[in-house]
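Peer 1: File run_30.json below, JSON, N, CA and C atoms:
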```json
[["chain", "number", "residue", "atom", "x", "y", "z"],
["A", 1, "MET", "N", 112.39, 66.45, 84.09],
["A", 1, "MET", "CA", 111.13, 66.03, 84.69],
["A", 1, "MET", "C", 110.10, 65.85, 83.58],
["A", 2, "SER", "N", 109.41, 64.75, 83.60],
["A", 2, "SER", "CA", 108.40, 64.51, 82.57],
["A", 2, "SER", "C", 107.11, 65.24, 82.93],
["A", 3, "PRO", "N", 106.33, 65.60, 81.90],
["A", 3, "PRO", "CA", 105.07, 66.30, 82.18],
["A", 3, "PRO", "C", 104.10, 65.39, 82.92],
["A", 4, "PRO", "N", 103.18, 65.99, 83.68],
["A", 4, "PRO", "CA", 102.21, 65.16, 84.39],
["A", 4, "PRO", "C", 101.30, 64.44, 83.40],
["A", 5, "ARG", "N", 100.77, 63.32, 83.82],
["A", 5, "ARG", "CA", 99.85, 62.56, 82.96],
["A", 5, "ARG", "C", 98.48, 63.24, 82.97],
["A", 6, "PRO", "N", 97.68, 63.03, 81.94],
["A", 6, "PRO", "CA", 96.33, 63.61, 81.93],
["A", 6, "PRO", "C", 95.54, 63.12, 83.14],
["A", 7, "GLN", "N", 94.86, 64.05, 83.80],
["A", 7, "GLN", "CA", 94.10, 63.70, 85.00],
["A", 7, "GLN", "C", 93.17, 64.84, 85.37],
["A", 8, "PRO", "N", 92.10, 64.54, 86.11],
["A", 8, "PRO", "CA", 91.27, 65.63, 86.64],
["A", 8, "PRO", "C", 92.01, 66.30, 87.80],
["A", 9, "VAL", "N", 91.67, 67.53, 88.08],
["A", 9, "VAL", "CA", 92.26, 68.26, 89.21],
["A", 9, "VAL", "C", 91.17, 68.47, 90.25],
["A", 10, "SER", "N", 91.43, 67.97, 91.45],
["A", 10, "SER", "CA", 90.49, 68.14, 92.56],
["A", 10, "SER", "C", 91.02, 69.23, 93.47],
["A", 11, "PHE", "N", 90.20, 70.23, 93.73],
["A", 11, "PHE", "CA", 90.57, 71.31, 94.62],
["A", 11, "PHE", "C", 90.20, 70.93, 96.04],
["A", 12, "GLY", "N", 90.90, 71.48, 97.01],
["A", 12, "GLY", "CA", 90.62, 71.18, 98.41],
["A", 12, "GLY", "C", 89.16, 71.41, 98.74],
["A", 13, "ALA", "N", 88.62, 70.56, 99.59],
["A", 13, "ALA", "CA", 87.21, 70.69, 99.97],
["A", 13, "ALA", "C", 86.96, 71.90, 100.87],
["A", 14, "ALA", "N", 87.97, 72.28, 101.64],
["A", 14, "ALA", "CA", 87.82, 73.39, 102.58],
["A", 14, "ALA", "C", 88.37, 74.68, 101.98],
["A", 15, "TRP", "N", 87.70, 75.78, 102.26],
["A", 15, "TRP", "CA", 88.18, 77.09, 101.87],
["A", 15, "TRP", "C", 89.28, 77.52, 102.84],
["A", 16, "VAL", "N", 90.34, 78.14, 102.31],
["A", 16, "VAL", "CA", 91.43, 78.68, 103.11],
["A", 16, "VAL", "C", 91.33, 80.20, 103.05],
["A", 17, "GLN", "N", 91.26, 80.85, 104.21],
["A", 17, "GLN", "CA", 91.20, 82.31, 104.26],
["A", 17, "GLN", "C", 92.58, 82.88, 103.96],
["A", 18, "GLU", "N", 92.71, 83.68, 102.91],
["A", 18, "GLU", "CA", 94.01, 84.22, 102.51],
["A", 18, "GLU", "C", 94.18, 85.69, 102.89],
["A", 19, "ALA", "N", 93.09, 86.41, 103.03],
["A", 19, "ALA", "CA", 93.07, 87.82, 103.46],
["A", 19, "ALA", "C", 91.63, 88.12, 103.83],
["A", 20, "ASP", "N", 91.37, 89.28, 104.45],
["A", 20, "ASP", "CA", 89.99, 89.65, 104.76],
["A", 20, "ASP", "C", 89.16, 89.65, 103.48],
["A", 21, "GLY", "N", 88.14, 88.79, 103.42],
["A", 21, "GLY", "CA", 87.26, 88.74, 102.27],
["A", 21, "GLY", "C", 87.81, 87.97, 101.08],
["A", 22, "VAL", "N", 88.97, 87.34, 101.24],
["A", 22, "VAL", "CA", 89.58, 86.58, 100.13],
["A", 22, "VAL", "C", 89.84, 85.16, 100.62],
["A", 23, "ARG", "N", 89.26, 84.19, 99.92],
["A", 23, "ARG", "CA", 89.46, 82.80, 100.30],
["A", 23, "ARG", "C", 89.74, 81.96, 99.05],
["A", 24, "ALA", "N", 90.31, 80.76, 99.27],
["A", 24, "ALA", "CA", 90.71, 79.93, 98.14],
["A", 24, "ALA", "C", 90.54, 78.45, 98.46],
["A", 25, "ARG", "N", 90.28, 77.70, 97.42],
["A", 25, "ARG", "CA", 90.36, 76.23, 97.45],
["A", 25, "ARG", "C", 91.54, 75.88, 96.57],
["A", 26, "ILE", "N", 92.49, 75.11, 97.09],
["A", 26, "ILE", "CA", 93.81, 74.98, 96.47],
["A", 26, "ILE", "C", 94.11, 73.54, 96.07],
["A", 27, "ALA", "N", 94.82, 73.40, 94.94],
["A", 27, "ALA", "CA", 95.33, 72.10, 94.49],
["A", 27, "ALA", "C", 96.78, 72.28, 94.07],
["A", 28, "ASP", "N", 97.58, 71.24, 94.25],
["A", 28, "ASP", "CA", 98.95, 71.22, 93.77],
["A", 28, "ASP", "C", 98.97, 70.37, 92.50],
["A", 29, "VAL", "N", 99.40, 70.97, 91.39],
["A", 29, "VAL", "CA", 99.45, 70.27, 90.11],
["A", 29, "VAL", "C", 100.89, 70.34, 89.61],
["A", 30, "ALA", "N", 101.59, 69.23, 89.71],
["A", 30, "ALA", "CA", 102.99, 69.14, 89.26],
["A", 30, "ALA", "C", 103.84, 70.27, 89.84],
["A", 31, "GLY", "N", 103.62, 70.58, 91.12],
["A", 31, "GLY", "CA", 104.41, 71.60, 91.80],
["A", 31, "GLY", "C", 103.91, 73.02, 91.64],
["A", 32, "ALA", "N", 102.86, 73.23, 90.87],
["A", 32, "ALA", "CA", 102.27, 74.57, 90.71],
["A", 32, "ALA", "C", 100.99, 74.67, 91.54],
["A", 33, "ARG", "N", 100.76, 75.84, 92.11],
["A", 33, "ARG", "CA", 99.54, 76.09, 92.88],
["A", 33, "ARG", "C", 98.43, 76.47, 91.91],
["A", 34, "TRP", "N", 97.35, 75.70, 91.92],
["A", 34, "TRP", "CA", 96.13, 76.04, 91.21],
["A", 34, "TRP", "C", 95.11, 76.37, 92.29],
["A", 35, "ALA", "N", 94.29, 77.39, 92.08],
["A", 35, "ALA", "CA", 93.32, 77.77, 93.12],
["A", 35, "ALA", "C", 92.06, 78.35, 92.51],
["A", 36, "ILE", "N", 90.94, 78.03, 93.13],
["A", 36, "ILE", "CA", 89.69, 78.74, 92.90],
["A", 36, "ILE", "C", 89.69, 79.81, 93.99],
["A", 37, "VAL", "N", 89.73, 81.08, 93.60],
["A", 37, "VAL", "CA", 89.83, 82.18, 94.55],
["A", 37, "VAL", "C", 88.56, 83.02, 94.49],
["A", 38, "GLU", "N", 88.03, 83.35, 95.65],
["A", 38, "GLU", "CA", 86.84, 84.20, 95.74],
["A", 38, "GLU", "C", 87.18, 85.47, 96.50],
["A", 39, "TYR", "N", 86.95, 86.61, 95.85],
["A", 39, "TYR", "CA", 87.08, 87.92, 96.47],
["A", 39, "TYR", "C", 85.66, 88.42, 96.76],
["A", 40, "SER", "N", 85.33, 88.65, 98.02],
["A", 40, "SER", "CA", 84.03, 89.21, 98.38],
["A", 40, "SER", "C", 83.95, 90.65, 97.86],
["A", 41, "PRO", "N", 82.73, 91.17, 97.65],
["A", 41, "PRO", "CA", 82.61, 92.56, 97.22],
["A", 41, "PRO", "C", 83.37, 93.51, 98.16],
["A", 42, "GLY", "N", 84.15, 94.41, 97.61],
["A", 42, "GLY", "CA", 84.88, 95.39, 98.39],
["A", 42, "GLY", "C", 86.16, 94.88, 99.02],
["A", 43, "SER", "N", 86.53, 93.64, 98.76],
["A", 43, "SER", "CA", 87.73, 93.08, 99.39],
["A", 43, "SER", "C", 88.96, 93.20, 98.49],
["A", 44, "GLY", "N", 90.11, 93.00, 99.09],
["A", 44, "GLY", "CA", 91.36, 93.04, 98.33],
["A", 44, "GLY", "C", 92.52, 92.57, 99.18],
["A", 45, "ARG", "N", 93.64, 92.46, 98.55],
["A", 45, "ARG", "CA", 94.86, 92.01, 99.25],
["A", 45, "ARG", "C", 95.71, 93.22, 99.62],
["A", 46, "PRO", "N", 96.13, 93.30, 100.86],
["A", 46, "PRO", "CA", 96.95, 94.44, 101.27],
["A", 46, "PRO", "C", 98.41, 94.31, 100.81],
["A", 47, "GLU", "N", 98.89, 93.08, 100.65],
["A", 47, "GLU", "CA", 100.30, 92.86, 100.32],
["A", 47, "GLU", "C", 100.52, 92.74, 98.81],
["A", 48, "TRP", "N", 101.73, 93.06, 98.39],
["A", 48, "TRP", "CA", 102.13, 92.91, 96.99],
["A", 48, "TRP", "C", 102.59, 91.48, 96.76],
["A", 49, "CYS", "N", 102.37, 90.97, 95.58],
["A", 49, "CYS", "CA", 102.78, 89.62, 95.20],
["A", 49, "CYS", "C", 103.72, 89.72, 94.00],
["A", 50, "ASP", "N", 104.82, 88.96, 94.03],
["A", 50, "ASP", "CA", 105.74, 88.99, 92.89],
["A", 50, "ASP", "C", 105.85, 87.63, 92.20],
["A", 51, "VAL", "N", 104.86, 86.75, 92.44],
["A", 51, "VAL", "CA", 104.78, 85.47, 91.74],
["A", 51, "VAL", "C", 103.94, 85.68, 90.49],
["A", 52, "GLY", "N", 104.36, 85.13, 89.36],
["A", 52, "GLY", "CA", 103.56, 85.23, 88.15],
["A", 52, "GLY", "C", 102.33, 84.34, 88.23],
["A", 53, "HIS", "N", 101.24, 84.77, 87.59],
["A", 53, "HIS", "CA", 99.99, 84.01, 87.58],
["A", 53, "HIS", "C", 99.34, 84.10, 86.20],
["A", 54, "GLU", "N", 98.63, 83.04, 85.87],
["A", 54, "GLU", "CA", 97.69, 83.07, 84.76],
["A", 54, "GLU", "C", 96.34, 82.77, 85.38],
["A", 55, "GLY", "N", 95.28, 83.30, 84.80],
["A", 55, "GLY", "CA", 93.98, 83.04, 85.39],
["A", 55, "GLY", "C", 92.83, 83.29, 84.48],
["A", 56, "TYR", "N", 91.65, 82.97, 84.99],
["A", 56, "TYR", "CA", 90.39, 83.11, 84.27],
["A", 56, "TYR", "C", 89.34, 83.57, 85.27],
["A", 57, "VAL", "N", 88.55, 84.57, 84.90],
["A", 57, "VAL", "CA", 87.50, 85.08, 85.77],
["A", 57, "VAL", "C", 86.21, 84.32, 85.47],
["A", 58, "ILE", "N", 85.76, 83.56, 86.46],
["A", 58, "ILE", "CA", 84.54, 82.77, 86.31],
["A", 58, "ILE", "C", 83.31, 83.67, 86.45],
["A", 59, "SER", "N", 83.33, 84.56, 87.43],
["A", 59, "SER", "CA", 82.23, 85.52, 87.61],
["A", 59, "SER", "C", 82.76, 86.76, 88.31],
["A", 60, "GLY", "N", 82.04, 87.87, 88.14],
["A", 60, "GLY", "CA", 82.45, 89.13, 88.74],
["A", 60, "GLY", "C", 83.56, 89.80, 87.96],
["A", 61, "GLU", "N", 84.30, 90.67, 88.64],
["A", 61, "GLU", "CA", 85.39, 91.42, 88.01],
["A", 61, "GLU", "C", 86.51, 91.61, 89.03],
["A", 62, "ILE", "N", 87.74, 91.48, 88.57],
["A", 62, "ILE", "CA", 88.92, 91.65, 89.43],
["A", 62, "ILE", "C", 89.80, 92.75, 88.86],
["A", 63, "THR", "N", 90.35, 93.57, 89.73],
["A", 63, "THR", "CA", 91.32, 94.59, 89.34],
["A", 63, "THR", "C", 92.64, 94.26, 90.03],
["A", 64, "TYR", "N", 93.70, 94.14, 89.24],
["A", 64, "TYR", "CA", 95.03, 93.96, 89.81],
["A", 64, "TYR", "C", 95.79, 95.27, 89.66],
["A", 65, "GLU", "N", 96.18, 95.86, 90.79],
["A", 65, "GLU", "CA", 97.06, 97.03, 90.79],
["A", 65, "GLU", "C", 98.48, 96.52, 90.53],
["A", 66, "LEU", "N", 99.24, 97.25, 89.73],
["A", 66, "LEU", "CA", 100.62, 96.89, 89.46],
["A", 66, "LEU", "C", 101.54, 97.86, 90.17],
["A", 67, "ALA", "N", 102.64, 97.35, 90.70],
["A", 67, "ALA", "CA", 103.60, 98.20, 91.41],
["A", 67, "ALA", "C", 104.16, 99.28, 90.49],
["A", 68, "SER", "N", 104.17, 99.03, 89.20],
["A", 68, "SER", "CA", 104.68, 100.01, 88.23],
["A", 68, "SER", "C", 103.72, 101.18, 88.03],
["A", 69, "GLY", "N", 102.51, 101.06, 88.59],
["A", 69, "GLY", "CA", 101.55, 102.15, 88.50],
["A", 69, "GLY", "C", 100.35, 101.88, 87.62],
["A", 70, "GLY", "N", 100.36, 100.83, 86.83],
["A", 70, "GLY", "CA", 99.22, 100.50, 85.98],
["A", 70, "GLY", "C", 98.25, 99.57, 86.69],
["A", 71, "SER", "N", 97.32, 99.03, 85.92],
["A", 71, "SER", "CA", 96.40, 98.03, 86.47],
["A", 71, "SER", "C", 95.93, 97.12, 85.35],
["A", 72, "VAL", "N", 95.43, 95.96, 85.74],
["A", 72, "VAL", "CA", 94.82, 94.99, 84.83],
["A", 72, "VAL", "C", 93.43, 94.73, 85.38],
["A", 73, "VAL", "N", 92.40, 94.92, 84.55],
["A", 73, "VAL", "CA", 91.03, 94.66, 84.95],
["A", 73, "VAL", "C", 90.49, 93.55, 84.06],
["A", 74, "ALA", "N", 89.94, 92.49, 84.67],
["A", 74, "ALA", "CA", 89.37, 91.39, 83.90],
["A", 74, "ALA", "C", 88.00, 91.04, 84.48],
["A", 75, "GLY", "N", 87.05, 90.81, 83.59],
["A", 75, "GLY", "CA", 85.70, 90.45, 83.99],
["A", 75, "GLY", "C", 85.36, 89.03, 83.60],
["A", 76, "ALA", "N", 84.17, 88.61, 83.98],
["A", 76, "ALA", "CA", 83.70, 87.25, 83.72],
["A", 76, "ALA", "C", 83.94, 86.87, 82.27],
["A", 77, "GLY", "N", 84.52, 85.71, 82.07],
["A", 77, "GLY", "CA", 84.79, 85.21, 80.73],
["A", 77, "GLY", "C", 86.13, 85.65, 80.17],
["A", 78, "GLN", "N", 86.89, 86.43, 80.92],
["A", 78, "GLN", "CA", 88.20, 86.88, 80.45],
["A", 78, "GLN", "C", 89.32, 86.21, 81.24],
["A", 79, "GLY", "N", 90.44, 86.02, 80.58],
["A", 79, "GLY", "CA", 91.64, 85.53, 81.23],
["A", 79, "GLY", "C", 92.54, 86.70, 81.57],
["A", 80, "PHE", "N", 93.59, 86.42, 82.36],
["A", 80, "PHE", "CA", 94.57, 87.46, 82.68],
["A", 80, "PHE", "C", 95.94, 86.82, 82.85],
["A", 81, "LEU", "N", 96.96, 87.64, 82.67],
["A", 81, "LEU", "CA", 98.35, 87.23, 82.82],
["A", 81, "LEU", "C", 99.06, 88.27, 83.66],
["A", 82, "LEU", "N", 99.67, 87.81, 84.74],
["A", 82, "LEU", "CA", 100.44, 88.69, 85.63],
["A", 82, "LEU", "C", 101.85, 88.12, 85.69],
["A", 83, "THR", "N", 102.83, 88.94, 85.37],
["A", 83, "THR", "CA", 104.21, 88.47, 85.33],
["A", 83, "THR", "C", 104.92, 88.72, 86.66],
["A", 84, "SER", "N", 106.01, 87.99, 86.86],
["A", 84, "SER", "CA", 106.76, 88.12, 88.10],
["A", 84, "SER", "C", 107.64, 89.37, 88.14],
["A", 85, "ASP", "N", 107.76, 90.09, 87.02],
["A", 85, "ASP", "CA", 108.62, 91.27, 87.00],
["A", 85, "ASP", "C", 107.89, 92.57, 87.37],
["A", 86, "ASP", "N", 106.60, 92.49, 87.71],
["A", 86, "ASP", "CA", 105.84, 93.66, 88.15],
["A", 86, "ASP", "C", 104.90, 93.21, 89.27],
["A", 87, "ALA", "N", 105.22, 93.51, 90.51],
["A", 87, "ALA", "CA", 104.40, 93.07, 91.64],
["A", 87, "ALA", "C", 102.97, 93.57, 91.47],
["A", 88, "HIS", "N", 102.03, 92.84, 92.04],
["A", 88, "HIS", "CA", 100.61, 93.13, 91.85],
["A", 88, "HIS", "C", 99.84, 92.74, 93.11],
["A", 89, "ARG", "N", 98.61, 93.26, 93.21],
["A", 89, "ARG", "CA", 97.68, 92.87, 94.27],
["A", 89, "ARG", "C", 96.27, 93.05, 93.75],
["A", 90, "GLY", "N", 95.39, 92.11, 94.13],
["A", 90, "GLY", "CA", 94.04, 92.09, 93.58],
["A", 90, "GLY", "C", 93.01, 92.75, 94.47],
["A", 91, "PHE", "N", 91.99, 93.33, 93.82],
["A", 91, "PHE", "CA", 90.86, 93.96, 94.50],
["A", 91, "PHE", "C", 89.57, 93.69, 93.74],
["A", 92, "ASN", "N", 88.50, 93.53, 94.47],
["A", 92, "ASN", "CA", 87.16, 93.43, 93.89],
["A", 92, "ASN", "C", 86.42, 94.70, 94.26],
["A", 93, "HIS", "N", 86.28, 95.61, 93.31],
["A", 93, "HIS", "CA", 85.58, 96.87, 93.54],
["A", 93, "HIS", "C", 84.09, 96.75, 93.22],
["A", 94, "GLY", "N", 83.65, 95.56, 92.79],
["A", 94, "GLY", "CA", 82.27, 95.37, 92.37],
["A", 94, "GLY", "C", 81.32, 95.03, 93.50],
["A", 95, "ALA", "N", 80.06, 94.84, 93.13],
["A", 95, "ALA", "CA", 79.00, 94.55, 94.09],
["A", 95, "ALA", "C", 78.72, 93.06, 94.21],
["A", 96, "GLU", "N", 79.36, 92.23, 93.40],
["A", 96, "GLU", "CA", 79.18, 90.78, 93.49],
["A", 96, "GLU", "C", 80.54, 90.11, 93.70],
["A", 97, "PRO", "N", 80.56, 88.89, 94.22],
["A", 97, "PRO", "CA", 81.85, 88.21, 94.41],
["A", 97, "PRO", "C", 82.56, 88.03, 93.07],
["A", 98, "ALA", "N", 83.88, 88.11, 93.12],
["A", 98, "ALA", "CA", 84.72, 87.80, 91.96],
["A", 98, "ALA", "C", 85.29, 86.41, 92.21],
["A", 99, "ILE", "N", 85.02, 85.48, 91.30],
["A", 99, "ILE", "CA", 85.49, 84.11, 91.44],
["A", 99, "ILE", "C", 86.43, 83.82, 90.29],
["A", 100, "LEU", "N", 87.65, 83.36, 90.63],
["A", 100, "LEU", "CA", 88.71, 83.20, 89.64],
["A", 100, "LEU", "C", 89.30, 81.80, 89.72],
["A", 101, "LEU", "N", 89.83, 81.34, 88.60],
["A", 101, "LEU", "CA", 90.75, 80.22, 88.58],
["A", 101, "LEU", "C", 92.13, 80.84, 88.40],
["A", 102, "VAL", "N", 93.04, 80.58, 89.33],
["A", 102, "VAL", "CA", 94.38, 81.17, 89.30],
["A", 102, "VAL", "C", 95.41, 80.05, 89.29],
["A", 103, "ILE", "N", 96.37, 80.12, 88.37],
["A", 103, "ILE", "CA", 97.46, 79.16, 88.30],
["A", 103, "ILE", "C", 98.76, 79.93, 88.49],
["A", 104, "ASP", "N", 99.50, 79.58, 89.54],
["A", 104, "ASP", "CA", 100.78, 80.24, 89.81],
["A", 104, "ASP", "C", 101.86, 79.64, 88.94],
["A", 105, "ASP", "N", 102.82, 80.47, 88.53],
["A", 105, "ASP", "CA", 103.97, 79.95, 87.82],
["A", 105, "ASP", "C", 104.70, 78.97, 88.73],
["A", 106, "ALA", "N", 105.12, 77.88, 88.18],
["A", 106, "ALA", "CA", 105.79, 76.84, 88.99],
["A", 106, "ALA", "C", 107.22, 77.23, 89.30]]
```
Write out the structure in this file as structure tokens.

Peer 2:
Amino acid sequence: MSPPRPQPVSFGAAWVQEADGVRARIADVAGARWAIVEYSPGSGRPEWCDVGHEGYVISGEITYELASGGSVVAGAGQGFLLTSDDAHRGFNHGAEPAILLVIDDA
């Protein structure tokens, strides 16, 4: 399969509710899910995820709990890498929304 051609990425106009307090605007880029994800203050995902992700925190702070017992915390201006070999779930423990760009492994 050849790589995609250079192009802008347009995210969906409508927000999709993914969990209580967690919503996303989603785009498909060459078979990979790209999303602008917003975690409201105090919100998080109840389920574990085993898909790998790369991402960037636009604003706020996100904490990813790892099934192995550790965690990854990233704040505004930081990127993060979550691998598929350690399940994870995200939480916003802060007082402001956490807004992320998340790219799922294809």

Peer 1: Where in chain A does DSSP assign strand (DSSP E), given as a PyMOL selection string?

Peer 2: chain A and resi 16-19+22-29+32-39+53-59+61-66+71-75+79-82+88-91+98-104

Peer 1: Report, in Å to a single decimal, how far apart atom N of Gly90 in chain A and CA of Asp20 in chain A are.

Peer 2: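 Atom-to-atom, CA of Asp20 in chain A and atom N of Gly90 in chain A are spaced 12.2 Å apart.
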
Peer 1: Could you jot down the CA of Ser71 in chain A to CA of Ala27 in chain A separation for me, Å, one decimal place?

Peer 2: 27.2 Å

Peer 1: With only N, CA and C atoms as the counted atoms, please give the residues lying no more than 7 Å from Ala24 in chain A, apart from itself and same-chain residues fewer than 4 positions off, as a ChimeraX atom specification.

Peer 2: /A:14-18,35-38

Peer 1: Up to 6 Å from (83.2, 94.3, 98.6) in the file's coordinates: name the residues, counting all atoms listed in the file, as a ChimeraX atom specification.

Peer 2: /A:40-43,92-94

Peer 1: When distances are computed from all atoms listed in the file, which of A:Glu47, A:Asp28, A:Asp104, A:Glu61 shows the smallest separation from Arg89 in chain A?

Peer 2: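 Using all atoms listed in the file, the shortest distance to Arg89 in chain A belongs to A:Glu47.
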
Peer 1: How many Å lie between atom C of Glu65 in chain A and atom N of Phe80 in chain A, rounded to one decimal?

Peer 2: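 We find that atom C of Glu65 in chain A and atom N of Phe80 in chain A lie 13.9 Å from each other.
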